[in-house]
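Trainee: One file: entry-v2.txt (compact mmCIF, C-alpha atoms).
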```txt
# COMPACT_ATOMS: atom_id res chain seq x y z
CA MET R 6 170.22 281.48 -39.90
CA TYR R 7 166.92 279.62 -40.16
CA TYR R 8 167.64 278.28 -43.66
CA TYR R 9 170.34 275.94 -42.31
CA ARG R 10 167.72 274.33 -40.07
CA LEU R 11 165.16 274.30 -42.85
CA ALA R 12 167.64 272.86 -45.40
CA ALA R 13 168.71 270.18 -42.89
CA ALA R 14 165.08 269.18 -42.39
CA VAL R 15 164.44 269.02 -46.12
CA LEU R 16 167.64 267.10 -46.92
CA LYS R 17 167.18 264.77 -43.90
CA CYS R 18 170.61 265.42 -42.46
CA GLY R 19 172.27 267.51 -39.76
CA LYS R 20 172.92 271.27 -40.08
CA ARG R 21 176.64 270.60 -40.30
CA LYS R 22 176.09 268.62 -43.50
CA VAL R 23 174.41 271.51 -45.32
CA TRP R 24 176.57 273.60 -47.68
CA LEU R 25 175.30 276.94 -48.95
CA ASP R 26 176.86 278.51 -52.01
CA PRO R 27 178.60 281.67 -50.76
CA ASN R 28 178.08 283.38 -54.14
CA GLU R 29 174.30 282.99 -53.92
CA VAL R 30 173.75 284.25 -50.36
CA THR R 31 171.13 286.81 -51.39
CA GLU R 32 169.03 284.24 -53.28
CA ILE R 33 169.33 281.71 -50.45
CA SER R 34 168.36 284.28 -47.81
CA THR R 35 165.08 284.94 -49.61
CA ALA R 36 164.14 281.25 -49.38
CA ASN R 37 161.60 280.95 -46.60
CA SER R 38 159.79 277.70 -47.43
CA ARG R 39 160.62 274.04 -47.89
CA GLN R 40 159.64 274.25 -51.53
CA ASN R 41 162.10 277.11 -52.13
CA ILE R 42 164.85 275.10 -50.38
CA ARG R 43 164.05 272.09 -52.57
CA LYS R 44 164.36 274.28 -55.68
CA LEU R 45 167.73 275.67 -54.51
CA PHE R 46 168.91 272.10 -53.80
CA LYS R 47 167.89 271.07 -57.31
CA ASP R 48 169.73 274.06 -58.79
CA GLY R 49 172.86 273.21 -56.79
CA PHE R 50 172.99 276.29 -54.55
CA ILE R 51 172.40 274.13 -51.52
CA VAL R 52 174.37 270.89 -51.35
CA LYS R 53 174.23 267.94 -48.93
CA LYS R 54 177.82 267.19 -47.91
CA PRO R 55 178.88 263.52 -48.13
CA ALA R 56 179.24 261.52 -44.93
CA THR R 57 182.80 261.55 -43.65
CA SER R 58 184.20 258.06 -43.97
CA HIS R 59 185.74 256.25 -41.01
CA SER R 60 188.55 254.35 -42.68
CA ARG R 61 189.35 250.82 -41.50
CA PHE R 62 192.53 250.66 -43.57
CA ARG R 63 194.87 250.98 -40.59
CA VAL R 64 192.84 248.43 -38.60
CA ARG R 65 193.01 245.87 -41.42
CA GLN R 66 196.73 246.54 -41.77
CA LYS R 67 197.29 245.91 -38.06
CA HIS R 68 195.23 242.69 -38.15
CA GLU R 69 197.29 241.51 -41.11
CA ALA R 70 200.48 242.20 -39.15
CA LYS R 71 199.06 240.42 -36.08
CA ARG R 72 198.37 237.38 -38.24
CA LEU R 73 202.11 237.34 -38.93
CA GLY R 74 202.79 237.50 -35.19
CA ARG R 75 203.59 241.21 -34.80
CA HIS R 76 202.34 243.35 -31.88
CA THR R 77 201.74 240.34 -29.61
CA GLY R 78 204.61 240.68 -27.12
CA TYR R 79 204.24 240.77 -23.34
CA GLY R 80 203.53 244.50 -23.40
CA LYS R 81 200.47 244.06 -25.63
CA ARG R 82 198.81 241.35 -23.53
CA HIS R 83 196.11 242.00 -20.94
CA GLY R 84 194.50 238.69 -20.02
CA THR R 85 196.26 235.62 -18.62
CA ALA R 86 197.47 232.99 -21.08
CA ASP R 87 194.45 230.85 -20.16
CA ALA R 88 192.08 233.78 -20.73
CA ARG R 89 193.59 234.50 -24.15
CA MET R 90 193.42 230.85 -25.31
CA PRO R 91 191.71 228.58 -22.75
CA GLU R 92 193.29 225.19 -22.05
CA ALA R 93 189.83 223.62 -22.03
CA ILE R 94 189.25 224.66 -25.65
CA MET R 95 192.69 223.40 -26.67
CA TRP R 96 191.90 220.08 -24.96
CA MET R 97 188.52 219.79 -26.73
CA ARG R 98 190.10 220.50 -30.12
CA ARG R 99 192.80 217.90 -29.55
CA GLN R 100 190.33 215.26 -28.37
CA ARG R 101 188.05 215.87 -31.34
CA VAL R 102 190.95 215.51 -33.77
CA LEU R 103 192.24 212.31 -32.14
CA ARG R 104 188.78 210.74 -31.81
CA SER R 105 187.84 211.52 -35.41
CA LEU R 106 191.12 209.90 -36.56
CA LEU R 107 190.41 206.81 -34.46
CA ARG R 108 186.86 206.59 -35.83
CA LYS R 109 188.13 206.92 -39.41
CA TYR R 110 190.77 204.21 -38.86
CA ARG R 111 188.23 201.87 -37.24
CA GLU R 112 185.68 202.33 -40.05
CA SER R 113 188.30 201.81 -42.77
CA GLY R 114 189.50 198.66 -40.99
CA LYS R 115 193.03 199.88 -40.23
CA ILE R 116 192.47 199.13 -36.53
CA ASP R 117 190.10 196.67 -34.89
CA LYS R 118 187.58 197.58 -32.18
CA HIS R 119 189.84 196.30 -29.38
CA LEU R 120 192.79 198.50 -30.37
CA TYR R 121 190.32 201.37 -30.94
CA HIS R 122 189.07 201.06 -27.37
CA VAL R 123 192.59 200.97 -25.92
CA LEU R 124 193.69 204.00 -27.97
CA TYR R 125 190.50 205.92 -27.15
CA ASN R 126 191.18 205.56 -23.44
CA LYS R 127 194.85 206.41 -23.91
CA SER R 128 193.98 209.61 -25.80
CA LYS R 129 191.53 210.50 -23.02
CA GLY R 130 194.38 209.92 -20.57
CA ASN R 131 196.57 212.54 -22.33
CA VAL R 132 199.05 210.03 -23.76
CA PHE R 133 199.10 211.50 -27.29
CA LYS R 134 200.25 215.09 -27.74
CA ASN R 135 198.88 215.37 -31.27
CA LYS R 136 197.63 213.46 -34.32
CA ARG R 137 201.12 212.64 -35.60
CA VAL R 138 202.12 210.98 -32.31
CA LEU R 139 198.91 208.92 -32.33
CA MET R 140 199.52 207.79 -35.93
CA GLU R 141 203.08 206.74 -35.07
CA TYR R 142 201.79 204.82 -32.06
CA ILE R 143 199.23 203.03 -34.25
CA HIS R 144 201.94 202.02 -36.74
CA VAL R 145 204.12 200.69 -33.93
CA ALA R 146 201.19 198.87 -32.31
CA LYS R 147 200.17 197.25 -35.60
CA ALA R 148 203.78 196.19 -36.31
CA GLU R 149 204.05 194.73 -32.79
CA LYS R 150 200.75 192.88 -33.23
CA ALA R 151 201.91 191.44 -36.57
CA ARG R 152 205.22 190.40 -34.98
CA GLN R 153 203.42 188.68 -32.09
CA LYS R 154 201.15 186.91 -34.56
CA LEU R 155 204.13 185.73 -36.63
CA ILE R 156 205.95 184.48 -33.50
CA PHE R 157 202.79 182.67 -32.37
CA GLU R 158 202.34 181.05 -35.79
CA GLN R 159 206.00 179.99 -35.90
CA SER R 160 205.85 178.52 -32.40
CA GLU R 161 202.58 176.77 -33.28
CA ALA R 162 204.16 175.30 -36.43
CA HIS R 163 207.22 174.26 -34.38
CA ARG R 164 204.95 172.60 -31.84
CA GLN R 165 203.06 170.75 -34.57
CA ARG R 166 206.34 169.55 -36.16
CA ASN R 167 207.63 168.33 -32.81
CA LYS R 168 204.35 166.58 -32.09
CA ALA R 169 204.41 164.87 -35.50
CA ALA R 170 208.07 163.87 -34.99
CA ARG R 171 207.28 162.52 -31.50
CA GLU R 172 204.37 160.50 -32.86
CA ARG R 173 206.56 159.10 -35.68
CA ARG R 174 209.28 158.21 -33.19
CA LEU R 175 206.80 156.47 -30.91
CA GLN R 176 205.36 154.63 -33.88
CA ARG R 177 208.87 153.54 -34.99
CA GLN R 178 209.66 152.41 -31.47
CA ALA R 179 206.39 150.48 -31.29
CA GLU R 180 207.13 148.85 -34.64
CA LYS R 181 210.65 148.02 -33.45
CA LYS R 182 209.26 146.43 -30.27
CA ILE R 183 206.80 144.40 -32.29
CA LYS R 184 209.64 143.30 -34.60
CA MET R 185 211.84 142.42 -31.64
CA GLY R 186 208.99 140.52 -30.09
CA LYS R 187 208.51 138.50 -33.29
CA ILE R 188 212.21 137.71 -33.49
CA ASP R 189 212.30 136.57 -29.86
CA ARG R 190 209.31 134.25 -30.34
CA SER R 191 210.84 132.56 -33.31
```
Show how you would write the structure in this file as structure tokens.
Mentor:
Amino acid sequence: MYYYRLAAAVLKCGKRKVWLDPNEVTEISTANSRQNIRKLFKDGFIVKKPATSHSRFRVRQKHEAKRLGRHTGYGKRHGTADARMPEAIMWMRRQRVLRSLLRKYRESGKIDKHLYHVLYNKSKGNVFKNKRVLMEYIHVAKAEKARQKLIFEQSEAHRQRNKAARERRLQRQAEKKIKMGKIDRS
């Protein structure tokens, strides 16, 4: 049936996509040129079938379920745990989060450059599991620093008071000696 091939060429599709009206077989069989085929196509005796769709509905549905944690048991896994989610990538993500937090805190003045340097090295040394742990550590460190400062100031004030008291006592004793000396002379 040459007109299938001819119609496919005219309609720019495969032979399987050409539909011929079974009621108009005699008229179609007389068509022996591209122009005749075009006319039959225009009249609706020859039709180009639509492309069969390849639905992704089920795929999307499965992805949605996977997002909720379904279909991810031991039986569905092929690669090792490290191949599925590499430790190196997890490490990089964690370091980037911790370092960005430290940078933000340093720029806003919440931590000074010395504490920043200590915490940077600690985070590199795998001390902090996540951002929350690092934030807690910073709060504790700042509280400890404030406490140390307060203790230092109190001890300094105590030292100054003692020094002033000692000087006063020495002065009183000196005055007393001078007085005693005057009394003895007279």
Trainee: Please identify all polymer residues within 8 Å of Phe50 of chain R, counting only C-alpha atoms, omitting same-chain residues fewer than 6 positions from it, and present them as JSON, numbers by chain.
Mentor: {"R": [25, 26, 29, 33]}
Trainee: Next, dump the selected residues to file, keeping only C-alpha atoms, as a PDB file, in the coordinates of the input.
Mentor:
```pdb
ATOM      1  CA  LEU R  25     175.300 276.940 -48.950  1.00  0.00           C
ATOM      2  CA  ASP R  26     176.860 278.510 -52.010  1.00  0.00           C
ATOM      3  CA  GLU R  29     174.300 282.990 -53.920  1.00  0.00           C
ATOM      4  CA  ILE R  33     169.330 281.710 -50.450  1.00  0.00           C
TER       5      ILE R  33
END
```
Trainee: Take atom CA of Lys154 of chain R and atom CA of Tyr121 of chain R and report the distance between them in Å, one decimal.
Mentor: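 Between atom CA of Lys154 of chain R and atom CA of Tyr121 of chain R the gap works out to 18.4 Å.
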Trainee: Quick one: residues within 10 Å of Leu139 of chain R, all atoms listed in the file, excluding same-chain residues fewer than 5 positions away - as a list in words?
Mentor: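 Contacts, in chain order: Leu103, Leu106, Leu107, Leu124, Lys127, Ser128, Val132, Phe133, Lys134, His144 and Val145 of chain R.
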Trainee: Give me, as a ChimeraX atom specification, all polymer residues having an atom no more than 8 Å from Tyr8 of chain R, counting all atoms listed in the file and skipping those fewer than 4 positions away in the same chain.
Mentor: /R:12,33-34,36-37,42
Trainee: Go ahead and compute the interatomic distance for atom CA of Arg137 of chain R and atom CA of Ser105 of chain R, in Å to one decimal.
Mentor: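 Separation between atom CA of Arg137 of chain R and atom CA of Ser105 of chain R: 13.3 Å.
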Trainee: Would you list the contacts of Arg101 of chain R as a list in words, taking every protein, DNA or RNA residue within 12 Å and counting only C-alpha atoms, but skipping same-chain residues closer than 5 positions in sequence?
Mentor: Ile94, Met95, Trp96, Leu106, Leu107, Arg108, Tyr125, Ser128, Lys129, Asn135 and Lys136 of chain R
Trainee: Compare R:Asn28, R:Met140, R:Arg39, R:Leu45 by their minimum atom-to-atom distance to Arg10 of chain R, counting only C-alpha atoms, and give me the closest one.
Mentor: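 Of the candidates, the smallest distance to Arg10 of chain R is held by R:Arg39.
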Trainee: Find the distance between atom CA of Arg61 of chain R and atom CA of Arg75 of chain R and write it in Å to one decimal.
Mentor: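 So the answer is 18.4 Å.
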Trainee: When you count all atoms listed in the file, which of these residues is closest to Ala13 of chain R: R:Lys81, R:Lys44, R:Arg171, R:Lys54?
Mentor: R:Lys54
Trainee: Measuring between all atoms listed in the file, which one of R:Val138, R:Val52, R:Met6, R:Ala151 shows the shortest distance to Lys22 of chain R?
Mentor: R:Val52
Trainee: Looking at R:Lys115, R:Arg63, R:Lys47, R:Arg177, which one is nearest to Leu16 of chain R, with distances taken over all atoms listed in the file?
Mentor: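 Looking at the shortest contact to Leu16 of chain R, the residue is R:Lys47.
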Trainee: Around segment 93-108 of chain R, with edges along x, y and z and 3 Å added on all six sides, what centre and edge lengths do you get, in Å to one decimal, as JSON?
Mentor:
```
{"center_x": 189.8, "center_y": 215.6, "center_z": -29.3, "size_x": 11.9, "size_y": 24.1, "size_z": 20.5}
```
